[in-house]
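my_file_26.pdb follows; it contains PDB, C-alpha atoms and all ligand atoms.
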ATOM      1  CA  MET A   1     -72.838 -54.669 193.476
ATOM      2  CA  ALA A   2     -73.398 -56.316 190.114
ATOM      3  CA  LYS A   3     -70.892 -59.032 189.363
ATOM      4  CA  ALA A   4     -70.468 -58.134 185.678
ATOM      5  CA  LYS A   5     -67.454 -56.267 184.409
ATOM      6  CA  TYR A   6     -68.837 -53.093 182.794
ATOM      7  CA  ILE A   7     -66.949 -51.860 179.732
ATOM      8  CA  ALA A   8     -67.924 -48.676 177.889
ATOM      9  CA  VAL A   9     -66.769 -47.353 174.531
ATOM     10  CA  ALA A  10     -66.886 -43.589 173.958
ATOM     11  CA  GLY A  11     -65.738 -41.016 171.409
ATOM     12  CA  LYS A  12     -67.046 -38.578 168.845
ATOM     13  CA  GLY A  13     -69.121 -39.582 165.819
ATOM     14  CA  GLY A  14     -67.647 -41.860 163.191
ATOM     15  CA  VAL A  15     -64.327 -42.619 164.898
ATOM     16  CA  GLY A  16     -64.866 -46.374 165.083
ATOM     17  CA  LYS A  17     -66.732 -46.996 168.370
ATOM     18  CA  THR A  18     -69.184 -49.554 167.002
ATOM     19  CA  THR A  19     -66.428 -51.331 165.076
ATOM     20  CA  PHE A  20     -64.310 -51.619 168.224
ATOM     21  CA  THR A  21     -67.296 -52.702 170.365
ATOM     22  CA  ALA A  22     -68.171 -55.439 167.867
ATOM     23  CA  LEU A  23     -64.555 -56.665 167.796
ATOM     24  CA  LEU A  24     -64.357 -56.532 171.599
ATOM     25  CA  LEU A  25     -67.469 -58.701 171.820
ATOM     26  CA  ARG A  26     -66.120 -61.058 169.170
ATOM     27  CA  GLN A  27     -62.940 -61.446 171.228
ATOM     28  CA  LEU A  28     -64.796 -62.057 174.504
ATOM     29  CA  VAL A  29     -66.851 -64.792 172.853
ATOM     30  CA  SER A  30     -63.878 -66.501 171.205
ATOM     31  CA  GLN A  31     -61.458 -66.274 174.148
ATOM     32  CA  GLN A  32     -63.662 -67.330 176.995
ATOM     33  CA  LYS A  33     -66.018 -70.175 176.358
ATOM     34  CA  GLY A  34     -69.243 -70.263 178.293
ATOM     35  CA  ILE A  35     -69.267 -66.698 179.568
ATOM     36  CA  SER A  36     -72.412 -64.598 179.425
ATOM     37  CA  ILE A  37     -72.316 -61.217 177.734
ATOM     38  CA  LEU A  38     -74.750 -58.339 177.489
ATOM     39  CA  ALA A  39     -74.165 -55.732 174.783
ATOM     40  CA  VAL A  40     -75.866 -52.360 175.192
ATOM     41  CA  ASP A  41     -76.275 -50.059 172.215
ATOM     42  CA  ALA A  42     -76.667 -46.621 173.771
ATOM     43  CA  ASP A  43     -76.336 -44.727 170.485
ATOM     44  CA  PRO A  44     -79.636 -43.168 169.302
ATOM     45  CA  ASN A  45     -78.536 -44.077 165.777
ATOM     46  CA  ALA A  46     -78.198 -47.716 166.750
ATOM     47  CA  ASN A  47     -76.232 -50.093 164.528
ATOM     48  CA  LEU A  48     -74.395 -52.424 166.880
ATOM     49  CA  GLY A  49     -77.002 -55.125 166.169
ATOM     50  CA  GLU A  50     -76.070 -54.986 162.513
ATOM     51  CA  ALA A  51     -72.352 -55.273 163.296
ATOM     52  CA  LEU A  52     -73.114 -58.331 165.441
ATOM     53  CA  GLY A  53     -75.523 -59.879 162.947
ATOM     54  CA  LEU A  54     -78.514 -59.624 165.341
ATOM     55  CA  THR A  55     -81.999 -58.470 164.387
ATOM     56  CA  VAL A  56     -83.460 -55.775 166.603
ATOM     57  CA  THR A  57     -87.239 -55.457 166.647
ATOM     58  CA  ALA A  58     -87.852 -52.663 169.149
ATOM     59  CA  THR A  59     -85.714 -50.210 171.083
ATOM     60  CA  ILE A  60     -86.167 -49.472 174.790
ATOM     61  CA  SER A  61     -87.305 -45.904 174.010
ATOM     62  CA  GLU A  62     -90.005 -47.198 171.681
ATOM     63  CA  LEU A  63     -91.245 -49.635 174.292
ATOM     64  CA  LEU A  64     -91.142 -47.015 177.046
ATOM     65  CA  GLU A  65     -93.026 -44.583 174.817
ATOM     66  CA  GLN A  66     -95.831 -47.133 174.589
ATOM     67  CA  SER A  67     -96.069 -47.215 178.375
ATOM     68  CA  LYS A  68     -97.028 -43.517 178.361
ATOM     69  CA  ASP A  69    -100.367 -44.400 176.791
ATOM     70  CA  PRO A  70    -102.691 -45.495 179.615
ATOM     71  CA  LYS A  71    -104.745 -47.539 177.137
ATOM     72  CA  ALA A  72    -101.698 -49.695 176.300
ATOM     73  CA  ILE A  73    -101.387 -50.914 179.902
ATOM     74  CA  PRO A  74    -103.521 -53.992 180.585
ATOM     75  CA  ALA A  75    -106.339 -53.343 183.061
ATOM     76  CA  GLY A  76    -105.256 -53.920 186.632
ATOM     77  CA  MET A  77    -101.537 -54.055 185.844
ATOM     78  CA  PRO A  78     -99.431 -51.531 187.810
ATOM     79  CA  LYS A  79     -97.428 -49.210 185.547
ATOM     80  CA  ASN A  80     -94.045 -50.209 186.991
ATOM     81  CA  ILE A  81     -94.764 -53.898 186.346
ATOM     82  CA  PHE A  82     -95.777 -53.035 182.791
ATOM     83  CA  ILE A  83     -92.540 -51.091 182.206
ATOM     84  CA  GLU A  84     -90.419 -53.895 183.672
ATOM     85  CA  TYR A  85     -92.190 -56.351 181.412
ATOM     86  CA  LYS A  86     -91.515 -54.096 178.412
ATOM     87  CA  LEU A  87     -87.831 -53.792 179.346
ATOM     88  CA  GLN A  88     -87.512 -57.560 179.494
ATOM     89  CA  GLN A  89     -89.230 -57.810 176.129
ATOM     90  CA  SER A  90     -86.680 -55.515 174.525
ATOM     91  CA  LEU A  91     -83.787 -57.907 175.198
ATOM     92  CA  VAL A  92     -82.528 -59.572 171.994
ATOM     93  CA  GLU A  93     -81.209 -62.987 172.961
ATOM     94  CA  SER A  94     -78.712 -65.022 170.931
ATOM     95  CA  LYS A  95     -76.415 -67.964 171.569
ATOM     96  CA  ASP A  96     -73.371 -65.923 172.574
ATOM     97  CA  ILE A  97     -74.591 -62.416 173.329
ATOM     98  CA  ASP A  98     -77.747 -60.659 174.500
ATOM     99  CA  LEU A  99     -78.381 -57.150 173.202
ATOM    100  CA  LEU A 100     -80.283 -54.171 174.588
ATOM    101  CA  VAL A 101     -80.865 -51.214 172.303
ATOM    102  CA  MET A 102     -81.626 -47.913 174.023
ATOM    103  CA  GLY A 103     -82.929 -46.054 170.961
ATOM    104  CA  GLY A 104     -83.322 -42.354 170.345
ATOM    105  CA  PRO A 105     -85.388 -39.776 172.203
ATOM    106  CA  GLN A 106     -89.104 -40.249 171.677
ATOM    107  CA  GLY A 107     -91.972 -37.743 172.024
ATOM    108  CA  ALA A 108     -91.919 -34.776 174.393
ATOM    109  CA  GLY A 109     -92.291 -35.172 178.133
ATOM    110  CA  CYS A 110     -90.327 -36.284 181.104
ATOM    111  CA  TYR A 111     -88.437 -39.543 181.093
ATOM    112  CA  CYS A 112     -87.325 -39.420 184.692
ATOM    113  CA  TYR A 113     -89.614 -42.238 185.757
ATOM    114  CA  PRO A 114     -88.780 -44.695 182.957
ATOM    115  CA  ASN A 115     -85.111 -43.734 183.293
ATOM    116  CA  ASP A 116     -85.186 -44.602 186.973
ATOM    117  CA  LEU A 117     -86.632 -47.982 186.136
ATOM    118  CA  LEU A 118     -84.140 -48.442 183.313
ATOM    119  CA  ARG A 119     -81.269 -47.677 185.700
ATOM    120  CA  LYS A 120     -82.533 -50.230 188.219
ATOM    121  CA  TYR A 121     -83.043 -52.738 185.422
ATOM    122  CA  LEU A 122     -79.479 -52.295 184.115
ATOM    123  CA  GLU A 123     -78.138 -52.633 187.629
ATOM    124  CA  THR A 124     -79.971 -55.882 188.343
ATOM    125  CA  ILE A 125     -79.461 -57.347 184.889
ATOM    126  CA  GLY A 126     -75.706 -57.011 185.434
ATOM    127  CA  GLU A 127     -75.977 -59.753 188.031
ATOM    128  CA  ASN A 128     -76.878 -62.200 185.272
ATOM    129  CA  TYR A 129     -73.806 -61.561 183.109
ATOM    130  CA  ASP A 130     -70.025 -61.791 183.246
ATOM    131  CA  TYR A 131     -69.592 -58.771 180.954
ATOM    132  CA  VAL A 132     -71.698 -55.772 180.036
ATOM    133  CA  ALA A 133     -70.297 -53.832 177.053
ATOM    134  CA  VAL A 134     -71.775 -50.450 176.168
ATOM    135  CA  ASP A 135     -71.417 -48.735 172.791
ATOM    136  CA  SER A 136     -71.991 -45.155 173.964
ATOM    137  CA  GLU A 137     -73.430 -42.231 172.080
ATOM    138  CA  ALA A 138     -71.152 -39.271 171.397
ATOM    139  CA  GLY A 139     -72.762 -37.073 174.100
ATOM    140  CA  LEU A 140     -72.412 -39.694 176.862
ATOM    141  CA  GLU A 141     -75.978 -38.960 178.046
ATOM    142  CA  HIS A 142     -76.547 -42.357 179.592
ATOM    143  CA  ILE A 143     -73.296 -42.148 181.502
ATOM    144  CA  SER A 144     -73.860 -38.579 182.721
ATOM    145  CA  ARG A 145     -77.430 -39.430 183.756
ATOM    146  CA  ARG A 146     -76.090 -42.583 185.332
ATOM    147  CA  THR A 147     -78.497 -44.831 183.507
ATOM    148  CA  ILE A 148     -75.409 -46.968 183.286
ATOM    149  CA  PRO A 149     -74.538 -47.422 186.920
ATOM    150  CA  HIS A 150     -70.840 -48.116 187.032
ATOM    151  CA  ILE A 151     -68.014 -48.567 184.527
ATOM    152  CA  ASP A 152     -64.934 -50.652 185.240
ATOM    153  CA  CYS A 153     -63.135 -49.780 182.037
ATOM    154  CA  MET A 154     -63.807 -47.097 179.466
ATOM    155  CA  PHE A 155     -62.168 -46.974 176.061
ATOM    156  CA  VAL A 156     -62.126 -43.538 174.444
ATOM    157  CA  ILE A 157     -61.783 -43.952 170.699
ATOM    158  CA  SER A 158     -60.133 -41.486 168.334
ATOM    159  CA  ASP A 159     -59.423 -41.766 164.636
ATOM    160  CA  SER A 160     -55.896 -41.047 163.409
ATOM    161  CA  SER A 161     -56.298 -37.286 163.087
ATOM    162  CA  ALA A 162     -54.974 -34.574 165.415
ATOM    163  CA  ARG A 163     -58.490 -33.186 165.620
ATOM    164  CA  GLY A 164     -59.756 -36.626 166.645
ATOM    165  CA  ILE A 165     -57.185 -36.834 169.455
ATOM    166  CA  ARG A 166     -58.115 -33.360 170.735
ATOM    167  CA  SER A 167     -61.734 -34.404 170.722
ATOM    168  CA  ALA A 168     -60.841 -37.560 172.702
ATOM    169  CA  GLY A 169     -59.113 -35.227 175.178
ATOM    170  CA  ARG A 170     -62.378 -33.318 175.612
ATOM    171  CA  VAL A 171     -64.276 -36.572 176.168
ATOM    172  CA  HIS A 172     -61.690 -37.395 178.836
ATOM    173  CA  ASP A 173     -62.300 -34.012 180.543
ATOM    174  CA  LEU A 174     -66.047 -34.571 180.330
ATOM    175  CA  ILE A 175     -65.777 -37.955 182.029
ATOM    176  CA  ARG A 176     -63.534 -36.632 184.771
ATOM    177  CA  GLY A 177     -65.989 -33.766 185.296
ATOM    178  CA  LEU A 178     -68.849 -36.203 185.784
ATOM    179  CA  LYS A 179     -67.305 -37.641 188.926
ATOM    180  CA  SER A 180     -69.071 -40.823 187.917
ATOM    181  CA  ALA A 181     -67.778 -44.196 188.778
ATOM    182  CA  VAL A 182     -65.431 -44.801 185.850
ATOM    183  CA  GLU A 183     -62.469 -46.752 187.201
ATOM    184  CA  THR A 184     -60.025 -46.901 184.294
ATOM    185  CA  ILE A 185     -59.891 -44.899 181.071
ATOM    186  CA  TYR A 186     -57.783 -45.791 178.031
ATOM    187  CA  LEU A 187     -57.293 -44.187 174.634
ATOM    188  CA  ILE A 188     -57.443 -46.251 171.443
ATOM    189  CA  VAL A 189     -56.455 -44.763 168.094
ATOM    190  CA  THR A 190     -58.244 -46.349 165.138
ATOM    191  CA  LYS A 191     -57.686 -46.459 161.385
ATOM    192  CA  SER A 192     -53.960 -45.884 161.904
ATOM    193  CA  THR A 193     -51.583 -46.067 158.957
ATOM    194  CA  GLU A 194     -47.800 -46.148 158.620
ATOM    195  CA  GLY A 195     -46.310 -43.318 160.693
ATOM    196  CA  SER A 196     -49.581 -41.977 162.077
ATOM    197  CA  MET A 197     -48.861 -42.962 165.691
ATOM    198  CA  GLU A 198     -45.494 -41.211 165.606
ATOM    199  CA  SER A 199     -46.989 -37.993 164.249
ATOM    200  CA  LEU A 200     -49.800 -38.006 166.850
ATOM    201  CA  LYS A 201     -47.495 -38.626 169.811
ATOM    202  CA  GLU A 202     -47.425 -35.066 171.196
ATOM    203  CA  GLU A 203     -51.118 -34.508 170.681
ATOM    204  CA  ILE A 204     -51.826 -37.749 172.574
ATOM    205  CA  GLU A 205     -49.579 -36.704 175.473
ATOM    206  CA  ARG A 206     -51.485 -33.426 175.809
ATOM    207  CA  THR A 207     -54.792 -35.279 176.424
ATOM    208  CA  GLY A 208     -53.453 -36.933 179.571
ATOM    209  CA  LEU A 209     -55.002 -40.183 178.366
ATOM    210  CA  THR A 210     -53.162 -43.487 178.559
ATOM    211  CA  LEU A 211     -52.743 -44.907 175.079
ATOM    212  CA  ILE A 212     -53.461 -48.641 175.202
ATOM    213  CA  GLY A 213     -52.938 -49.295 171.494
ATOM    214  CA  ASP A 214     -54.013 -48.601 167.930
ATOM    215  CA  ILE A 215     -56.158 -50.462 165.435
ATOM    216  CA  PRO A 216     -54.750 -50.193 161.922
ATOM    217  CA  LEU A 217     -56.905 -49.249 158.972
ATOM    218  CA  ASP A 218     -58.135 -52.680 157.913
ATOM    219  CA  PRO A 219     -59.203 -53.258 154.288
ATOM    220  CA  LEU A 220     -61.372 -56.155 155.494
ATOM    221  CA  VAL A 221     -63.339 -53.842 157.818
ATOM    222  CA  VAL A 222     -63.939 -51.526 154.861
ATOM    223  CA  GLU A 223     -65.028 -54.476 152.719
ATOM    224  CA  TYR A 224     -67.420 -55.887 155.355
ATOM    225  CA  ASP A 225     -68.855 -52.412 155.925
ATOM    226  CA  LEU A 226     -69.561 -51.967 152.205
ATOM    227  CA  ALA A 227     -71.092 -55.419 151.881
ATOM    228  CA  GLY A 228     -73.142 -55.033 155.086
ATOM    229  CA  LYS A 229     -71.513 -58.175 156.535
ATOM    230  CA  PRO A 230     -71.380 -58.598 160.348
ATOM    231  CA  LEU A 231     -67.927 -57.709 161.731
ATOM    232  CA  PHE A 232     -68.415 -60.641 164.028
ATOM    233  CA  ASP A 233     -67.580 -62.890 161.080
ATOM    234  CA  LEU A 234     -64.133 -61.344 160.434
ATOM    235  CA  PRO A 235     -61.339 -63.950 160.297
ATOM    236  CA  ASP A 236     -59.060 -64.436 163.320
ATOM    237  CA  ASP A 237     -56.047 -63.175 161.385
ATOM    238  CA  ALA A 238     -57.590 -59.855 160.276
ATOM    239  CA  VAL A 239     -55.275 -57.002 161.365
ATOM    240  CA  SER A 240     -58.115 -55.272 163.245
ATOM    241  CA  VAL A 241     -59.039 -58.478 165.101
ATOM    242  CA  LYS A 242     -55.432 -59.092 166.166
ATOM    243  CA  ALA A 243     -54.983 -55.483 167.265
ATOM    244  CA  VAL A 244     -58.125 -55.621 169.429
ATOM    245  CA  GLU A 245     -57.006 -58.921 170.958
ATOM    246  CA  SER A 246     -53.692 -57.474 172.110
ATOM    247  CA  ILE A 247     -55.339 -54.272 173.381
ATOM    248  CA  LEU A 248     -57.744 -56.316 175.515
ATOM    249  CA  HIS A 249     -54.883 -58.376 176.941
ATOM    250  CA  ARG A 250     -52.950 -55.243 177.851
ATOM    251  CA  ALA A 251     -56.059 -53.692 179.439
ATOM    252  CA  GLY A 252     -56.591 -56.821 181.562
ATOM    253  CA  ILE A 253     -60.110 -57.335 180.270
ATOM    254  CA  PHE A 254     -60.024 -61.122 180.243
ATOM    255  CA  ASN A 255     -60.764 -62.816 183.538
TER     256      ASN A 255
HETATM  257  N1  LIG B   1     -59.896 -50.227 161.812
HETATM  258  C1  LIG B   1     -60.682 -49.806 160.805
HETATM  259  N2  LIG B   1     -60.302 -50.005 159.511
HETATM  260  C2  LIG B   1     -61.070 -49.586 158.493
HETATM  261  N3  LIG B   1     -62.238 -48.947 158.623
HETATM  262  C3  LIG B   1     -62.693 -48.713 159.879
HETATM  263  C4  LIG B   1     -61.943 -49.126 161.038
HETATM  264  N4  LIG B   1     -62.650 -48.760 162.143
HETATM  265  C5  LIG B   1     -63.771 -48.153 161.692
HETATM  266  N5  LIG B   1     -63.806 -48.126 160.336
HETATM  267  C6  LIG B   1     -64.856 -47.532 159.484
HETATM  268  O1  LIG B   1     -65.128 -46.208 159.926
HETATM  269  C7  LIG B   1     -66.517 -45.920 159.841
HETATM  270  C8  LIG B   1     -67.048 -45.495 161.203
HETATM  271  O2  LIG B   1     -66.895 -46.573 162.088
HETATM  272  P1  LIG B   1     -67.963 -46.869 163.243
HETATM  273  O3  LIG B   1     -69.332 -46.969 162.695
HETATM  274  O4  LIG B   1     -67.428 -48.015 164.008
HETATM  275  O5  LIG B   1     -67.823 -45.517 164.062
HETATM  276  P2  LIG B   1     -68.733 -44.978 165.264
HETATM  277  O6  LIG B   1     -67.821 -44.204 166.135
HETATM  278  O7  LIG B   1     -69.502 -46.083 165.877
HETATM  279  O8  LIG B   1     -69.709 -44.014 164.477
HETATM  280  P3  LIG B   1     -71.096 -43.371 165.002
HETATM  281  O9  LIG B   1     -70.710 -42.229 165.864
HETATM  282  O10 LIG B   1     -71.755 -42.959 163.727
HETATM  283  O11 LIG B   1     -71.822 -44.449 165.736
HETATM  284  C9  LIG B   1     -67.190 -47.173 159.307
HETATM  285  O12 LIG B   1     -67.385 -47.047 157.929
HETATM  286  C10 LIG B   1     -66.183 -48.272 159.624
HETATM  287  O13 LIG B   1     -66.260 -49.347 158.721
HETATM  288 MG    MG B   2     -71.562 -46.314 166.240
END
As a first step, turn the structure in this file into structure tokens.
Ligand SMILES: Nc1ncnc2c1ncn2[C@@H]1O[C@H](COP(=O)(O)OP(=O)(O)OP(=O)(O)O)[C@@H](O)[C@H]1O
Ligand SMILES: [Mg+2]
Amino acid sequence: MAKAKYIAVAGKGGVGKTTFTALLLRQLVSQQKGISILAVDADPNANLGEALGLTVTATISELLEQSKDPKAIPAGMPKNIFIEYKLQQSLVESKDIDLLVMGGPQGAGCYCYPNDLLRKYLETIGENYDYVAVDSEAGLEHISRRTIPHIDCMFVISDSSARGIRSAGRVHDLIRGLKSAVETIYLIVTKSTEGSMESLKEEIERTGLTLIGDIPLDPLVVEYDLAGKPLFDLPDDAVSVKAVESILHRAGIFN
């Protein structure tokens, strides 16, 4: 079993998954010196790198697509070795965090073989890190296909609308239906304003999800988003940063 703690962030489009994942990573880096962290962007429309201020050159899907062309494989090199080499190449390394970007679906054809290798790769790579944090895509493909082997803690994100909460409830049902190894699931409500938590109370209860906290609508997040600034650089006293810190403490994420 990999030693890393696997954390996944799920929820429908636009609710604040990438924002929360970036703030979670920011918190892990600032609270625990010297730990190793792998971030995985599993959204086909990848933008976690941007939120972290990291430059991504190639996605895993792009690199795997290249391995389908026999001419791209050096003479005498077995295909599996070539794919493993490509997977290693796709890792973006930085001082605090390494990043893997899955990328979107590529050309037609079966991906079973590369997916098998990707699964093994993610399983073994976990042994090199203390935390693996996954920004999931809305459809949870990688979790249902088990490309991501095991999840210790999943955060389902909803915005502050009743429709958002109902949608989080459906994500919850989907995860339970998968019978996959997700140990703990929590709900986080984002972009909350005065009174929104009170008005959503009944809707939240109906989902059966455990609410671990809310992240208020933060003008600084809006500002950084507009200016294209990495969320990683938000000040310690930003309301969103403080909210994420207390959520992570409550969820027992810090070792
Ligand atoms: N706490 C917050 N305060 C203010 N704005 C926020 C907050 N959380 C998220 N946002 C804004 O909401 C929008 C969507 O957020 P984000 O990109 O994190 O969502 P997502 O779930 O990752 O979306 P996608 O499904 O497209 O990947 C962004 O413009 C982001 O800046
Ligand atoms: Mg996102």
task = Select, from A:Ile215, A:Ala168, A:Val132, A:Val92, the residue with the minimum atom-to-atom distance to ligand LIG 1 (chain B), counting all atoms listed in the file.
result = A:Ile215
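When you apply the PyMOL selection byres (((chain A and resi 174) around 12) and not hetatm) to this structure, what comes back is A:Ala10, A:Gly11, A:Ala138, A:Gly139, A:Leu140, A:Glu141, A:Ile143, A:Ser144, A:Val156, A:Ser167, A:Ala168, A:Gly169, A:Arg170, A:Val171, A:His172, A:Asp173, A:Ile175, A:Arg176, A:Gly177, A:Leu178, A:Lys179, A:Ser180, A:Val182, A:Thr207.
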Could you save the residues just selected, with C-alpha atoms, as a PDB file, keeping the file's coordinate frame?
ATOM      1  CA  ALA A  10     -66.886 -43.589 173.958  1.00  0.00           C
ATOM      2  CA  GLY A  11     -65.738 -41.016 171.409  1.00  0.00           C
ATOM      3  CA  ALA A 138     -71.152 -39.271 171.397  1.00  0.00           C
ATOM      4  CA  GLY A 139     -72.762 -37.073 174.100  1.00  0.00           C
ATOM      5  CA  LEU A 140     -72.412 -39.694 176.862  1.00  0.00           C
ATOM      6  CA  GLU A 141     -75.978 -38.960 178.046  1.00  0.00           C
ATOM      7  CA  ILE A 143     -73.296 -42.148 181.502  1.00  0.00           C
ATOM      8  CA  SER A 144     -73.860 -38.579 182.721  1.00  0.00           C
ATOM      9  CA  VAL A 156     -62.126 -43.538 174.444  1.00  0.00           C
ATOM     10  CA  SER A 167     -61.734 -34.404 170.722  1.00  0.00           C
ATOM     11  CA  ALA A 168     -60.841 -37.560 172.702  1.00  0.00           C
ATOM     12  CA  GLY A 169     -59.113 -35.227 175.178  1.00  0.00           C
ATOM     13  CA  ARG A 170     -62.378 -33.318 175.612  1.00  0.00           C
ATOM     14  CA  VAL A 171     -64.276 -36.572 176.168  1.00  0.00           C
ATOM     15  CA  HIS A 172     -61.690 -37.395 178.836  1.00  0.00           C
ATOM     16  CA  ASP A 173     -62.300 -34.012 180.543  1.00  0.00           C
ATOM     17  CA  ILE A 175     -65.777 -37.955 182.029  1.00  0.00           C
ATOM     18  CA  ARG A 176     -63.534 -36.632 184.771  1.00  0.00           C
ATOM     19  CA  GLY A 177     -65.989 -33.766 185.296  1.00  0.00           C
ATOM     20  CA  LEU A 178     -68.849 -36.203 185.784  1.00  0.00           C
ATOM     21  CA  LYS A 179     -67.305 -37.641 188.926  1.00  0.00           C
ATOM     22  CA  SER A 180     -69.071 -40.823 187.917  1.00  0.00           C
ATOM     23  CA  VAL A 182     -65.431 -44.801 185.850  1.00  0.00           C
ATOM     24  CA  THR A 207     -54.792 -35.279 176.424  1.00  0.00           C
TER      25      THR A 207
END
Quick one: which residues end up in the PyMOL selection byres (((chain A and resi 45) around 10) and not hetatm) for this structure, as an mmCIF file with C-alpha atoms, in the frame of the given file?
data_model
loop_
_atom_site.group_PDB
_atom_site.id
_atom_site.type_symbol
_atom_site.label_atom_id
_atom_site.label_comp_id
_atom_site.auth_asym_id
_atom_site.auth_seq_id
_atom_site.Cartn_x
_atom_site.Cartn_y
_atom_site.Cartn_z
ATOM 1 C CA ASP A 41 -76.275 -50.059 172.215
ATOM 2 C CA ALA A 42 -76.667 -46.621 173.771
ATOM 3 C CA ASP A 43 -76.336 -44.727 170.485
ATOM 4 C CA PRO A 44 -79.636 -43.168 169.302
ATOM 5 C CA ALA A 46 -78.198 -47.716 166.750
ATOM 6 C CA ASN A 47 -76.232 -50.093 164.528
ATOM 7 C CA LEU A 48 -74.395 -52.424 166.880
ATOM 8 C CA VAL A 101 -80.865 -51.214 172.303
ATOM 9 C CA MET A 102 -81.626 -47.913 174.023
ATOM 10 C CA GLY A 103 -82.929 -46.054 170.961
ATOM 11 C CA GLY A 104 -83.322 -42.354 170.345
ATOM 12 C CA GLU A 137 -73.430 -42.231 172.080
#
task = Would you mind reading off the distance between CA of Arg166 in chain A and CA of Val239 in chain A, one decimal, in Å?
result = 25.6 Å
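Distance annotation: of A:Ser94, A:Ser30, A:Ser67, A:Ser199, the residue with the minimal separation from Leu54 in chain A is A:Ser94; atom set is only C-alpha atoms.
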inquiry  = I'd like the residues picked by the PyMOL selection byres (((chain A and resi 243) around 12) and not hetatm) written out as an NGL selection string, using the chain letters and numbers from the file.
reply    = :A and (20 or 23-24 or 27 or 188-192 or 212-218 or 236-242 or 244-250)
Fewer than 4 positions away in the same chain doesn't count, so skip those; otherwise give me all residues within 9 Å of Tyr121 in chain A, counting only C-alpha atoms, as a PDB file with C-alpha atoms, in the frame of the given file.
ATOM      1  CA  GLU A  84     -90.419 -53.895 183.672  1.00  0.00           C
ATOM      2  CA  LEU A  87     -87.831 -53.792 179.346  1.00  0.00           C
ATOM      3  CA  GLN A  88     -87.512 -57.560 179.494  1.00  0.00           C
ATOM      4  CA  ASP A 116     -85.186 -44.602 186.973  1.00  0.00           C
ATOM      5  CA  LEU A 117     -86.632 -47.982 186.136  1.00  0.00           C
ATOM      6  CA  ILE A 125     -79.461 -57.347 184.889  1.00  0.00           C
ATOM      7  CA  GLY A 126     -75.706 -57.011 185.434  1.00  0.00           C
TER       8      GLY A 126
END
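When all atoms listed in the file are used to compute distances to Ala51 in chain A, the closest of the residues A:Ala39, A:Ala22, A:Val222, A:Val29 turns out to be A:Ala22.
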